[in-house]
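So this one's data.txt, compact mmCIF, C-alpha atoms:
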```txt
# COMPACT_ATOMS: atom_id res chain seq x y z
CA ILE A 1 0.00 0.00 0.00
CA ALA A 2 2.80 2.42 0.91
CA MET A 3 4.40 1.88 -2.52
CA MET A 4 1.18 3.01 -4.22
CA VAL A 5 0.95 6.30 -2.30
CA ILE A 6 1.57 9.43 -4.37
CA ASN A 7 2.75 12.32 -2.22
CA GLN A 8 2.20 15.06 -4.81
CA PRO A 9 -0.05 14.79 -7.89
CA ALA A 10 2.58 16.80 -9.81
CA ASP A 11 4.94 13.83 -9.37
CA VAL A 12 2.85 11.92 -11.90
CA GLY A 13 2.05 14.87 -14.16
CA LEU A 14 -1.29 15.78 -12.59
CA HIS A 15 -2.26 19.32 -11.59
CA PRO A 16 -5.29 20.95 -9.89
CA ASP A 17 -8.53 21.25 -11.85
CA GLY A 18 -7.17 19.15 -14.74
CA ASP A 19 -4.71 21.86 -15.85
CA ASP A 20 -1.60 20.87 -17.79
CA LYS A 21 0.59 22.96 -15.48
CA GLU A 22 0.58 24.42 -11.99
CA PRO A 23 -2.06 27.19 -11.64
CA GLU A 24 -0.97 30.72 -10.96
CA HIS A 25 -2.57 31.63 -7.63
CA ALA A 26 -0.57 34.64 -6.53
CA ASP A 27 -1.98 34.84 -3.01
CA ALA A 28 -1.70 31.13 -2.35
CA ASP A 29 1.86 31.00 -3.73
CA ALA A 30 2.87 33.88 -1.48
CA TYR A 31 1.47 32.10 1.55
CA GLU A 32 3.23 28.85 0.69
CA ALA A 33 6.55 30.58 0.09
CA SER A 34 6.36 32.28 3.49
CA GLY A 35 5.78 29.05 5.43
CA LEU A 36 2.55 30.31 6.97
CA THR A 37 2.49 30.03 10.76
CA ASN A 38 -0.47 29.59 13.11
CA LYS A 39 -0.03 33.18 14.26
CA ALA A 40 -0.14 34.49 10.69
CA ILE A 41 -3.26 32.46 9.92
CA LEU A 42 -5.08 33.70 13.03
CA ALA A 43 -4.07 37.29 12.21
CA ASP A 44 -5.62 37.08 8.75
CA PRO A 45 -9.16 38.57 8.60
CA THR A 46 -10.02 36.16 5.77
CA PHE A 47 -9.56 33.24 8.16
CA TRP A 48 -12.08 34.70 10.60
CA ILE A 49 -14.56 35.58 7.86
CA LEU A 50 -14.47 31.98 6.67
CA ALA A 51 -14.64 30.70 10.26
CA ILE A 52 -17.70 32.84 11.05
CA ILE A 53 -19.56 31.80 7.88
CA LEU A 54 -18.87 28.11 8.44
CA SER A 55 -19.55 28.29 12.19
CA VAL A 56 -22.93 29.97 11.81
CA PHE A 57 -24.10 27.54 9.17
CA PHE A 58 -22.77 24.32 10.69
CA SER A 59 -24.01 25.20 14.18
CA ALA A 60 -27.46 25.88 12.74
CA MET A 61 -27.36 22.60 10.84
CA ARG A 62 -26.39 20.62 13.96
CA GLY A 63 -29.08 22.34 15.98
CA VAL A 64 -31.73 21.41 13.42
CA VAL A 65 -30.60 17.80 13.03
CA THR A 66 -30.49 17.13 16.77
CA ASN A 67 -33.88 18.75 17.43
CA ILE A 68 -35.95 17.92 14.36
CA ALA A 69 -37.27 14.69 15.89
CA PRO A 70 -38.55 16.20 19.17
CA MET A 71 -39.95 19.17 17.23
CA SER A 72 -41.85 16.79 14.96
CA VAL A 73 -43.21 14.94 18.01
CA ASP A 74 -44.46 18.28 19.36
CA GLU A 75 -46.30 18.83 16.08
CA GLY A 76 -47.96 15.42 16.25
CA ILE A 77 -46.02 13.80 13.41
CA ASP A 78 -46.13 10.00 13.32
CA PRO A 79 -42.84 8.47 14.59
CA THR A 80 -42.46 6.40 11.42
CA LEU A 81 -42.61 9.57 9.33
CA ILE A 82 -40.06 11.21 11.62
CA ALA A 83 -37.60 8.46 10.72
CA TRP A 84 -38.21 9.28 7.05
CA LEU A 85 -37.57 12.96 7.80
CA VAL A 86 -34.12 12.18 9.16
CA SER A 87 -33.46 9.94 6.18
CA SER A 88 -34.53 12.67 3.76
CA TYR A 89 -31.97 15.00 5.32
CA ALA A 90 -29.23 12.40 4.87
CA VAL A 91 -30.19 11.58 1.27
CA ALA A 92 -30.33 15.28 0.36
CA GLY A 93 -26.84 15.74 1.83
CA LEU A 94 -25.53 12.83 -0.23
CA ILE A 95 -27.05 14.20 -3.43
CA ALA A 96 -25.54 17.64 -2.74
CA LYS A 97 -22.07 16.15 -2.31
CA LEU A 98 -22.37 14.20 -5.57
CA VAL A 99 -23.40 17.20 -7.69
CA TYR A 100 -21.24 19.79 -5.91
CA ALA A 101 -18.14 19.21 -8.03
CA TRP A 102 -20.11 19.64 -11.25
CA ILE A 103 -21.57 22.94 -10.01
CA ALA A 104 -18.24 24.17 -8.59
CA ASP A 105 -16.63 23.83 -12.04
CA ARG A 106 -19.22 26.22 -13.46
CA ALA A 107 -19.74 28.85 -10.73
CA SER A 108 -17.56 31.05 -8.56
CA PRO A 109 -16.98 30.10 -4.90
CA LYS A 110 -18.65 33.31 -3.74
CA LEU A 111 -21.78 32.58 -5.77
CA LEU A 112 -21.88 29.03 -4.41
CA LEU A 113 -21.57 30.29 -0.84
CA ALA A 114 -24.32 32.84 -1.44
CA ILE A 115 -26.64 30.11 -2.76
CA VAL A 116 -25.88 27.97 0.29
CA MET A 117 -26.59 30.88 2.66
CA VAL A 118 -29.92 31.67 0.99
CA GLY A 119 -30.86 27.98 1.00
CA GLY A 120 -29.99 27.70 4.68
CA GLY A 121 -32.08 30.74 5.50
CA ALA A 122 -35.00 29.30 3.53
CA ALA A 123 -34.69 26.04 5.48
CA HIS A 124 -35.12 27.87 8.78
CA VAL A 125 -38.07 29.83 7.42
CA CYS A 126 -39.75 26.52 6.53
CA LEU A 127 -39.15 25.21 10.04
CA ILE A 128 -40.69 28.35 11.58
CA PHE A 129 -43.94 27.10 10.03
CA ALA A 130 -43.56 23.59 11.48
CA GLU A 131 -47.07 23.84 12.92
CA GLN A 132 -48.34 23.57 9.34
CA GLY A 133 -47.35 19.92 9.44
CA LEU A 134 -45.11 17.46 7.66
CA PRO A 135 -44.60 19.33 4.34
CA ALA A 136 -43.01 22.37 6.03
CA ILE A 137 -40.75 20.25 8.24
CA ALA A 138 -39.76 17.99 5.34
CA ALA A 139 -38.91 21.02 3.18
CA GLY A 140 -36.71 22.38 5.96
CA ALA A 141 -34.96 19.03 6.44
CA VAL A 142 -34.25 18.61 2.72
CA LEU A 143 -32.98 22.18 2.33
CA ILE A 144 -30.68 21.77 5.34
CA GLY A 145 -29.38 18.53 3.84
CA LEU A 146 -28.77 20.07 0.41
CA THR A 147 -27.04 23.19 1.69
CA GLY A 148 -25.07 21.43 4.43
CA GLY A 149 -24.00 18.74 1.98
CA SER A 150 -22.68 21.46 -0.32
CA LEU A 151 -20.86 23.39 2.39
CA LEU A 152 -18.81 20.42 3.60
CA PRO A 153 -16.86 19.94 0.34
CA MET A 154 -16.80 23.70 -0.17
CA GLN A 155 -14.58 24.07 2.90
CA GLY A 156 -12.04 21.75 1.30
CA TYR A 157 -12.38 23.64 -1.98
CA LEU A 158 -11.79 27.09 -0.48
CA VAL A 159 -8.94 26.53 2.00
CA PRO A 160 -6.18 25.63 -0.50
CA ARG A 161 -7.25 28.42 -2.86
CA ILE A 162 -7.06 31.03 -0.11
CA PHE A 163 -4.09 29.85 1.94
CA GLY A 164 -2.19 27.50 -0.38
CA ARG A 165 -1.97 23.72 -0.52
CA ALA A 166 1.03 23.48 1.81
CA VAL A 167 -0.99 24.55 4.87
CA VAL A 168 -4.37 22.91 4.20
CA GLY A 169 -4.09 20.69 7.28
CA LYS A 170 -3.01 23.53 9.53
CA VAL A 171 -5.74 25.93 8.40
CA SER A 172 -8.42 23.24 8.49
CA GLY A 173 -7.40 22.29 12.03
CA LEU A 174 -7.60 25.89 13.21
CA LEU A 175 -10.98 26.30 11.48
CA GLY A 176 -12.23 23.19 13.25
CA LEU A 177 -11.12 24.61 16.59
CA ALA A 178 -12.82 27.95 15.92
CA MET A 179 -16.02 26.24 14.79
CA PHE A 180 -16.10 23.86 17.77
CA VAL A 181 -17.36 26.51 20.19
CA PHE A 182 -20.36 27.29 17.97
CA ASN A 183 -21.11 23.67 17.19
CA VAL A 184 -20.97 22.36 20.75
CA PHE A 185 -23.44 24.93 22.08
CA SER A 186 -26.04 25.01 19.29
CA PRO A 187 -27.96 21.77 20.09
CA PRO A 188 -28.55 22.70 23.76
CA LEU A 189 -29.32 26.29 22.69
CA PHE A 190 -32.14 25.00 20.49
CA GLY A 191 -33.46 22.97 23.43
CA LEU A 192 -33.18 25.93 25.81
CA ILE A 193 -35.14 28.21 23.46
CA HIS A 194 -37.84 25.52 23.24
CA ASP A 195 -38.05 25.27 27.03
CA LEU A 196 -38.28 29.04 27.44
CA PHE A 197 -40.78 29.80 24.66
CA GLY A 198 -42.55 26.49 24.12
CA ASN A 199 -41.39 26.22 20.49
CA TYR A 200 -38.33 26.67 18.27
CA ASP A 201 -39.60 29.67 16.30
CA MET A 202 -37.27 32.20 17.92
CA VAL A 203 -34.09 30.24 17.25
CA TYR A 204 -35.11 29.41 13.66
CA LEU A 205 -35.92 33.04 12.96
CA SER A 206 -32.59 34.15 14.45
CA TYR A 207 -30.62 31.67 12.39
CA ALA A 208 -32.57 32.51 9.23
CA ILE A 209 -31.61 36.17 9.58
CA LEU A 210 -28.04 35.40 10.66
CA THR A 211 -27.43 32.87 7.88
CA VAL A 212 -28.57 35.18 5.10
CA ALA A 213 -26.69 38.10 6.71
CA MET A 214 -23.47 36.13 6.19
CA ILE A 215 -23.75 37.01 2.50
CA ALA A 216 -22.52 40.50 3.44
CA LEU A 217 -19.15 38.97 4.36
CA LEU A 218 -18.57 37.29 0.98
CA PRO A 219 -17.06 40.30 -0.86
```
For the structure just supplied, provide its representation as structure tokens.
Amino acid sequence: IAMMVINQPADVGLHPDGDDKEPEHADADAYEASGLTNKAILADPTFWILAIILSVFFSAMRGVVTNIAPMSVDEGIDPTLIAWLVSSYAVAGLIAKLVYAWIADRASPKLLLAIVMVGGGAAHVCLIFAEQGLPAIAAGAVLIGLTGGSLLPMQGYLVPRIFGRAVVGKVSGLLGLAMFVFNVFSPPLFGLIHDLFGNYDMVYLSYAILTVAMIALLP
């Protein structure tokens, strides 16, 4: 197995995006040449913009996934249908991952992020109307699956283009650490809002506004 490992695609004549030579990414090349340190990464505003966008969306997604079953029970949905709701989220995420590469080859990263943010906001709007029954909840679950499934590979797509391939692991690790705080608190936050107000409307409305507001950071 070790003999089959290729350390660098360029070693066998392969380059990013199917190009016949190394791409000219001035910013990324500058980062790689400087041997980017943790301190330099954390001092870069772009890192924090990306961390905020990913943190808001992923924390919202985790909050929805962990609370969609009890919310559906509150709305009187049959337990068998609740299982299908969770499955629909997973299937939508899988479909999004499969088609993401095709879309990414034809649209800019900023446009893709904007679409994901709008889709995430729409998902929360659907869930605000959970009292309307299964269709609204199902629409929210599918939209969360589609947008979340797109954002996962997008993180891997953006990091090397912003910071260079040599520090992908380092930047991704720091992003994971920054996102952890948001992600660990969102599921109990959803539950707390439910206990205080008797429903999830307030937290879904907040995340709908916050998710779409992230578009302002894209430029």
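Here the selection is built from only C-alpha atoms, and the residues within 9 Å of (-37.5, 20.6, 6.4) turn out to be Ile68, Leu85, Ser88, Tyr89, Ala123, His124, Cys126, Leu127, Ala130, Leu134, Pro135, Ala136, Ile137, Ala138, Ala139, Gly140, Ala141, Val142, Leu143, Ile144 and Gly145 of chain A.
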So what do you get for CA of Ile1 in chain A versus CA of Leu14 in chain A, distance-wise?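 Atom-to-atom, CA of Ile1 in chain A and CA of Leu14 in chain A are spaced 20.2 Å apart.
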Between CA of Gly121 in chain A and CA of Ile209 in chain A lies a distance of 6.8 Å
Contact residues around Ala51 in chain A with all atoms listed in the file at 8 Å, ignoring same-chain residues under 5 positions, as an mmCIF file with C-alpha atoms, in the frame of the given file:
```
data_model
loop_
_atom_site.group_PDB
_atom_site.id
_atom_site.type_symbol
_atom_site.label_atom_id
_atom_site.label_comp_id
_atom_site.auth_asym_id
_atom_site.auth_seq_id
_atom_site.Cartn_x
_atom_site.Cartn_y
_atom_site.Cartn_z
ATOM 1 C CA LEU A 175 -10.980 26.300 11.480
ATOM 2 C CA ALA A 178 -12.820 27.950 15.920
ATOM 3 C CA MET A 179 -16.020 26.240 14.790
#
```
Between A:Ile95, A:Leu54, A:Ala122, A:Val73, smallest distance to Ala208 in chain A by only C-alpha atoms belongs to A:Ala122
* To do: Identify which of the residues A:Glu131, A:Leu218, A:Leu50, A:Pro45 lies closest to Ser72 in chain A, counting only C-alpha atoms when measuring atom-to-atom distances.
  =>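 So, comparing all the options, the nearest one is A:Glu131.
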Using all atoms listed in the file for the distances, tell me which of A:Ser59, A:Ser108, A:Gln132, A:Thr46 is nearest to Glu75 in chain A.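 Using all atoms listed in the file, the shortest distance to Glu75 in chain A belongs to A:Gln132.
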Provide the CA of Ala92 in chain A to CA of Pro160 in chain A distance in Å, to one decimal place.
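According to the coordinates, CA of Ala92 in chain A and CA of Pro160 in chain A are separated by 26.3 Å.
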Ref. answer, residues at most 10 Å from (-40.4, 28.5, 16.6) with only C-alpha atoms, as a PDB file with C-alpha atoms, in the coordinates of the input:
```pdb
ATOM      1  CA  MET A  71     -39.950  19.170  17.230  1.00  0.00           C
ATOM      2  CA  HIS A 124     -35.120  27.870   8.780  1.00  0.00           C
ATOM      3  CA  VAL A 125     -38.070  29.830   7.420  1.00  0.00           C
ATOM      4  CA  LEU A 127     -39.150  25.210  10.040  1.00  0.00           C
ATOM      5  CA  ILE A 128     -40.690  28.350  11.580  1.00  0.00           C
ATOM      6  CA  PHE A 129     -43.940  27.100  10.030  1.00  0.00           C
ATOM      7  CA  ALA A 130     -43.560  23.590  11.480  1.00  0.00           C
ATOM      8  CA  GLU A 131     -47.070  23.840  12.920  1.00  0.00           C
ATOM      9  CA  PHE A 190     -32.140  25.000  20.490  1.00  0.00           C
ATOM     10  CA  ILE A 193     -35.140  28.210  23.460  1.00  0.00           C
ATOM     11  CA  HIS A 194     -37.840  25.520  23.240  1.00  0.00           C
ATOM     12  CA  PHE A 197     -40.780  29.800  24.660  1.00  0.00           C
ATOM     13  CA  GLY A 198     -42.550  26.490  24.120  1.00  0.00           C
ATOM     14  CA  ASN A 199     -41.390  26.220  20.490  1.00  0.00           C
ATOM     15  CA  TYR A 200     -38.330  26.670  18.270  1.00  0.00           C
ATOM     16  CA  ASP A 201     -39.600  29.670  16.300  1.00  0.00           C
ATOM     17  CA  MET A 202     -37.270  32.200  17.920  1.00  0.00           C
ATOM     18  CA  VAL A 203     -34.090  30.240  17.250  1.00  0.00           C
ATOM     19  CA  TYR A 204     -35.110  29.410  13.660  1.00  0.00           C
ATOM     20  CA  LEU A 205     -35.920  33.040  12.960  1.00  0.00           C
ATOM     21  CA  SER A 206     -32.590  34.150  14.450  1.00  0.00           C
TER      22      SER A 206
END
```
Would you write out, as CSV, a table of all residues in range 39-115 of chain A that have an atom no more than 9 Å from an atom of range 183-187 of chain A, listing for each the closest atom pair and the distance in Å to one decimal, considering only C-alpha atoms and ordering rows by chain and rising residue number?
```
residue,atom,partner,partner_atom,distance
A:Ser55,CA,A:Asn183,CA,7.0
A:Val56,CA,A:Asn183,CA,8.5
A:Phe58,CA,A:Asn183,CA,6.7
A:Ser59,CA,A:Asn183,CA,4.5
A:Ala60,CA,A:Ser186,CA,6.8
A:Met61,CA,A:Ser186,CA,8.9
A:Arg62,CA,A:Pro187,CA,6.4
A:Gly63,CA,A:Pro187,CA,4.3
A:Val64,CA,A:Pro187,CA,7.7
A:Val65,CA,A:Pro187,CA,8.5
A:Thr66,CA,A:Pro187,CA,6.2
A:Asn67,CA,A:Pro187,CA,7.2
```
Kindly save the residues from that selection, with C-alpha atoms included, as a tab-separated table (two decimals), in the coordinates of the input.
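The resulting file, again.tsv, is reproduced below:
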```tsv
chain	number	residue	atom	x	y	z
A	55	SER	CA	-19.55	28.29	12.19
A	56	VAL	CA	-22.93	29.97	11.81
A	58	PHE	CA	-22.77	24.32	10.69
A	59	SER	CA	-24.01	25.20	14.18
A	60	ALA	CA	-27.46	25.88	12.74
A	61	MET	CA	-27.36	22.60	10.84
A	62	ARG	CA	-26.39	20.62	13.96
A	63	GLY	CA	-29.08	22.34	15.98
A	64	VAL	CA	-31.73	21.41	13.42
A	65	VAL	CA	-30.60	17.80	13.03
A	66	THR	CA	-30.49	17.13	16.77
A	67	ASN	CA	-33.88	18.75	17.43
```
Q: Measuring atom to atom with all atoms listed in the file, identify which of A:Leu42, A:Val99, A:Leu146, A:Met4 is nearest to Gly120 in chain A.
A: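 Among A:Leu42, A:Val99, A:Leu146, A:Met4, it is A:Leu146 that comes nearest to Gly120 in chain A.
Minimum atom-to-atom distances from A:Val86, A:Val181, A:Ile41, A:Ala101 to Val159 in chain A were compared using all atoms listed in the file, and the lowest value belongs to A:Ile41.
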From the set A:Val171, A:Val12, A:Leu152, A:Ala83, which residue has the shortest atom-to-atom contact distance to Lys97 in chain A, counting all atoms listed in the file?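 Among the listed residues, the smallest separation from Lys97 in chain A belongs to A:Leu152.
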